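**Q** Would you mind keeping the following structure in view while I ask a few things?
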Amino acid sequence: MLSAEALRAHLVAAGLAGTVATSREKSLRSYQLFAQRDPRFLIGLDPVGSWTPDELLRLMADRCGVSPDPGHRSGREVIDPDRTLAALDALADRLARAARARAPVLLGTGHPRQLLDFYAGLAAGLSAAGCPVLTPAYGRCIDISTQFGLRTHTLDYVHGVAVVRPAGGDHSGGASAAHCHSPLPVRAALAAAVAGDGPLPSLVVGDHGWVCGAGQLGIEAVGLADVNDPALFVGEREGRVSVVVPVDDAARSGYYRPLTRYVLKRACLSQ
């Protein structure tokens with residue numbers, strides 16, 4: 001396993017923290033649209049606070065390390081790698097508690113090409129520790145708004161991790177799974193669990209709508225988020241999300257493998 005110092009160096013070298021690919025323009029636009037309560041950027045969260053763009057910028061500076069200067073309008077964003085490391089430690093500690101309790105867990109991602117393997121490694125470690133890794137609503141059809149209009153998707157599970165696929169498409173592996181911010185998949189999964197399709201999860205692990213949607217419904221949720229996804233950090237600040245790891249969420253899949261190993265080792269879980 002990488003030491004904390006070596007993992008910090010990896011985060012910066014791989015562009016997962018330090019200077020990242022996310023643009024300042026994209027972040028500021030996300031903060032503006034979140035403040036306007038655009039559902040595409042709330043991703044399942046119903047904020048308690050008013051959250052103006054300036055308040056969101058201050059929050060993201062505190063939680064991620066982006067520049068707090070509202071006059072900084074362009075260029076690439078920065079994530080403080082020390083904040084990423086601290087959040088990975090907190091994530092590992094929460095997974096360790098779930099493992100000790102053999103708690104049922106639900107994992108899901110809206111970034112299947114990039115993050116599926118990261119969550120699959122966590123699912124394998126939790127399962128080996130005795131945690132039921134849940135798969136409620138498998139095969140359920142869900143209509144999700146996309147840039148091309150309303151499209152039907154199917155809820156699938158790959159190595160214990162929920163993804164959505166365009167209906168009628170290839171149903172093998174993670175390559176055909178769709179990028180998705182919507183909270184509808186986690187709502188469908190939780191509704192199926194309530195209806196008897198397995199127990200309710202004690203913990204949801206994921207990103208985007210999986211975290212915000214679960215947290216809004218009162219299920220403890222943890223996961224990863226980029227600096228242009230303020231909803232997860234607002235959820236954390238308002239007490240509906242337990243842990244958010246600030247990290248570039250659109251890098252190459254292999255770049256996240258050291259993070260998986262680090263979290264599993266710290267949580268004393270098998271890989």
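Chain identifiers are assigned as A, B, and so on, following the order in which chains appear in the structure tokens; residues are numbered from 1 within each chain, and ligands are numbered from 1 in order of appearance.
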Mind checking which residues fall within 12 Å of Ala4 of chain A, counting only C-alpha atoms, ignoring those fewer than 5 positions away in the same chain, and posting them as a PyMOL selection string?

**A** chain A and resi 9-11+81-86+88-89+258-259+261-263+265-266

**Q** Set the distance at 10 Å and use only C-alpha atoms: which residues neighbour Pro166 of chain A once local chain neighbours fewer than 3 positions away are removed? I'd like the list as a ChimeraX atom specification.

**A** /A:141-144,151-155,169-171,176-178

**Q** Using only C-alpha atoms, which of the listed residues (A:Cys212, A:Ala96, A:Leu2, A:Leu107) sits closest to Gly130 of chain A?

**A**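 For Gly130 of chain A, the nearest of the candidates is A:Ala96.
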
**Q** Select from segment 10-147 of chain A everything DSSP, run on the backbone, classes as strand (DSSP E), then give the selection as a PDB file with N, CA and C atoms, in the first residue's frame.

**A**
ATOM      1  N   GLY A  18      -4.433  18.608  -6.678  1.00  0.00           N
ATOM      2  CA  GLY A  18      -3.534  19.619  -7.228  1.00  0.00           C
ATOM      3  C   GLY A  18      -4.275  20.336  -8.344  1.00  0.00           C
ATOM      4  N   THR A  19      -3.577  20.663  -9.409  1.00  0.00           N
ATOM      5  CA  THR A  19      -4.235  21.256 -10.581  1.00  0.00           C
ATOM      6  C   THR A  19      -4.962  20.160 -11.347  1.00  0.00           C
ATOM      7  N   VAL A  20      -6.285  20.321 -11.514  1.00  0.00           N
ATOM      8  CA  VAL A  20      -7.117  19.274 -12.115  1.00  0.00           C
ATOM      9  C   VAL A  20      -7.683  19.766 -13.445  1.00  0.00           C
ATOM     10  N   ALA A  21      -8.321  18.849 -14.168  1.00  0.00           N
ATOM     11  CA  ALA A  21      -8.810  19.173 -15.507  1.00  0.00           C
ATOM     12  C   ALA A  21     -10.060  20.048 -15.485  1.00  0.00           C
ATOM     13  N   THR A  22     -10.815  20.019 -14.404  1.00  0.00           N
ATOM     14  CA  THR A  22     -12.053  20.794 -14.321  1.00  0.00           C
ATOM     15  C   THR A  22     -11.752  22.284 -14.451  1.00  0.00           C
ATOM     16  N   SER A  23     -12.495  22.962 -15.294  1.00  0.00           N
ATOM     17  CA  SER A  23     -12.231  24.387 -15.519  1.00  0.00           C
ATOM     18  C   SER A  23     -12.932  25.245 -14.472  1.00  0.00           C
ATOM     19  N   ARG A  76      -7.756  26.436 -14.877  1.00  0.00           N
ATOM     20  CA  ARG A  76      -8.055  25.123 -14.316  1.00  0.00           C
ATOM     21  C   ARG A  76      -8.195  25.222 -12.806  1.00  0.00           C
ATOM     22  N   GLU A  77      -9.067  24.373 -12.259  1.00  0.00           N
ATOM     23  CA  GLU A  77      -9.319  24.377 -10.835  1.00  0.00           C
ATOM     24  C   GLU A  77      -8.200  23.669 -10.068  1.00  0.00           C
ATOM     25  N   VAL A  78      -8.193  23.891  -8.768  1.00  0.00           N
ATOM     26  CA  VAL A  78      -7.215  23.276  -7.873  1.00  0.00           C
ATOM     27  C   VAL A  78      -7.953  22.583  -6.740  1.00  0.00           C
ATOM     28  N   ILE A  79      -7.541  21.345  -6.443  1.00  0.00           N
ATOM     29  CA  ILE A  79      -8.022  20.612  -5.274  1.00  0.00           C
ATOM     30  C   ILE A  79      -6.834  20.391  -4.349  1.00  0.00           C
ATOM     31  N   VAL A 105     -24.917  -2.690   2.525  1.00  0.00           N
ATOM     32  CA  VAL A 105     -24.453  -1.501   1.815  1.00  0.00           C
ATOM     33  C   VAL A 105     -24.957  -1.539   0.373  1.00  0.00           C
ATOM     34  N   LEU A 106     -25.123  -0.356  -0.189  1.00  0.00           N
ATOM     35  CA  LEU A 106     -25.508  -0.183  -1.583  1.00  0.00           C
ATOM     36  C   LEU A 106     -24.482   0.732  -2.225  1.00  0.00           C
ATOM     37  N   LEU A 107     -23.928   0.303  -3.360  1.00  0.00           N
ATOM     38  CA  LEU A 107     -22.943   1.102  -4.067  1.00  0.00           C
ATOM     39  C   LEU A 107     -23.462   1.423  -5.461  1.00  0.00           C
ATOM     40  N   GLY A 108     -23.226   2.658  -5.919  1.00  0.00           N
ATOM     41  CA  GLY A 108     -23.666   3.048  -7.249  1.00  0.00           C
ATOM     42  C   GLY A 108     -22.847   4.200  -7.780  1.00  0.00           C
ATOM     43  N   CYS A 141     -36.637  -0.551 -15.176  1.00  0.00           N
ATOM     44  CA  CYS A 141     -36.566   0.515 -16.170  1.00  0.00           C
ATOM     45  C   CYS A 141     -36.838   1.864 -15.503  1.00  0.00           C
ATOM     46  N   ILE A 142     -36.032   2.863 -15.833  1.00  0.00           N
ATOM     47  CA  ILE A 142     -36.136   4.193 -15.234  1.00  0.00           C
ATOM     48  C   ILE A 142     -36.044   5.219 -16.353  1.00  0.00           C
ATOM     49  N   ASP A 143     -36.992   6.133 -16.423  1.00  0.00           N
ATOM     50  CA  ASP A 143     -36.953   7.215 -17.410  1.00  0.00           C
ATOM     51  C   ASP A 143     -36.161   8.378 -16.822  1.00  0.00           C
ATOM     52  N   ILE A 144     -35.071   8.757 -17.503  1.00  0.00           N
ATOM     53  CA  ILE A 144     -34.149   9.777 -17.005  1.00  0.00           C
ATOM     54  C   ILE A 144     -34.000  10.874 -18.055  1.00  0.00           C
ATOM     55  N   SER A 145     -34.072  12.128 -17.615  1.00  0.00           N
ATOM     56  CA  SER A 145     -33.872  13.260 -18.520  1.00  0.00           C
ATOM     57  C   SER A 145     -32.406  13.350 -18.922  1.00  0.00           C
ATOM     58  N   THR A 146     -32.162  13.483 -20.220  1.00  0.00           N
ATOM     59  CA  THR A 146     -30.812  13.638 -20.747  1.00  0.00           C
ATOM     60  C   THR A 146     -30.786  14.859 -21.658  1.00  0.00           C
TER      61      THR A 146
END

**Q** Return the single residue from A:His159, A:Arg29, A:Arg187, A:His179 that is closest to Ala214 of chain A, with distances computed using only C-alpha atoms.

**A**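 Smallest separation from Ala214 of chain A among the options: A:Arg187.
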
**Q** Within 6 Å of segment 45-59 of chain A, counting only C-alpha atoms, which residues show up once you throw out same-chain ones fewer than 2 positions away? Write them as a PyMOL selection string, please.

**A** chain A and resi 31-32+35+42-43+61-62+68+212+216

**Q** Could you please take those selected residues and save C-alpha atoms as a short mmCIF file (atom, residue, chain, number, x, y, z; two decimals), in the first residue's frame?

**A**
data_model
loop_
_atom_site.label_atom_id
_atom_site.label_comp_id
_atom_site.auth_asym_id
_atom_site.auth_seq_id
_atom_site.Cartn_x
_atom_site.Cartn_y
_atom_site.Cartn_z
CA TYR A 31 -22.47 27.15 -8.47
CA GLN A 32 -24.73 29.65 -10.25
CA ALA A 35 -28.05 28.63 -6.44
CA LEU A 42 -29.23 19.73 -7.07
CA ILE A 43 -29.05 16.02 -8.09
CA ALA A 61 -12.73 26.79 -0.99
CA ASP A 62 -13.05 25.42 2.54
CA PRO A 68 -11.93 31.76 -2.84
CA CYS A 212 -27.46 13.18 -2.69
CA GLN A 216 -32.00 13.42 1.17
#

**Q** Select from segment 214-270 of chain A everything DSSP, run on the backbone, classes as alpha helix (DSSP H), then give the selection as a PyMOL selection string.

**A** chain A and resi 214-216+230-237+257-266

**Q** What is the distance, in Å and to one decimal place, between atom CA of His208 of chain A and atom CA of Gly110 of chain A?

**A**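 Atom CA of Gly110 of chain A lies at a distance of 6.4 Å from atom CA of His208 of chain A.
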
**Q** Could you tell me which of A:Cys268, A:Ala98, A:Ala250, A:Leu203 comes closest to Leu224 of chain A if we count only C-alpha atoms?

**A**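 Selected residue with least distance to Leu224 of chain A: A:Ala250.
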
**Q** Out of A:Arg97, A:Arg102, A:Arg165, A:Arg73, which residue has the shortest atom-to-atom distance to Arg24 of chain A when counting only C-alpha atoms?

**A**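 Once distances to Arg24 of chain A are computed over only C-alpha atoms, the minimum belongs to A:Arg73.
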
**Q** Pick the closest to Leu134 of chain A from A:Ala251, A:Leu217, A:Leu232, A:Val204: which is it, counting only C-alpha atoms?

**A**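 Counting only C-alpha atoms, the residue closest to Leu134 of chain A is A:Val204.
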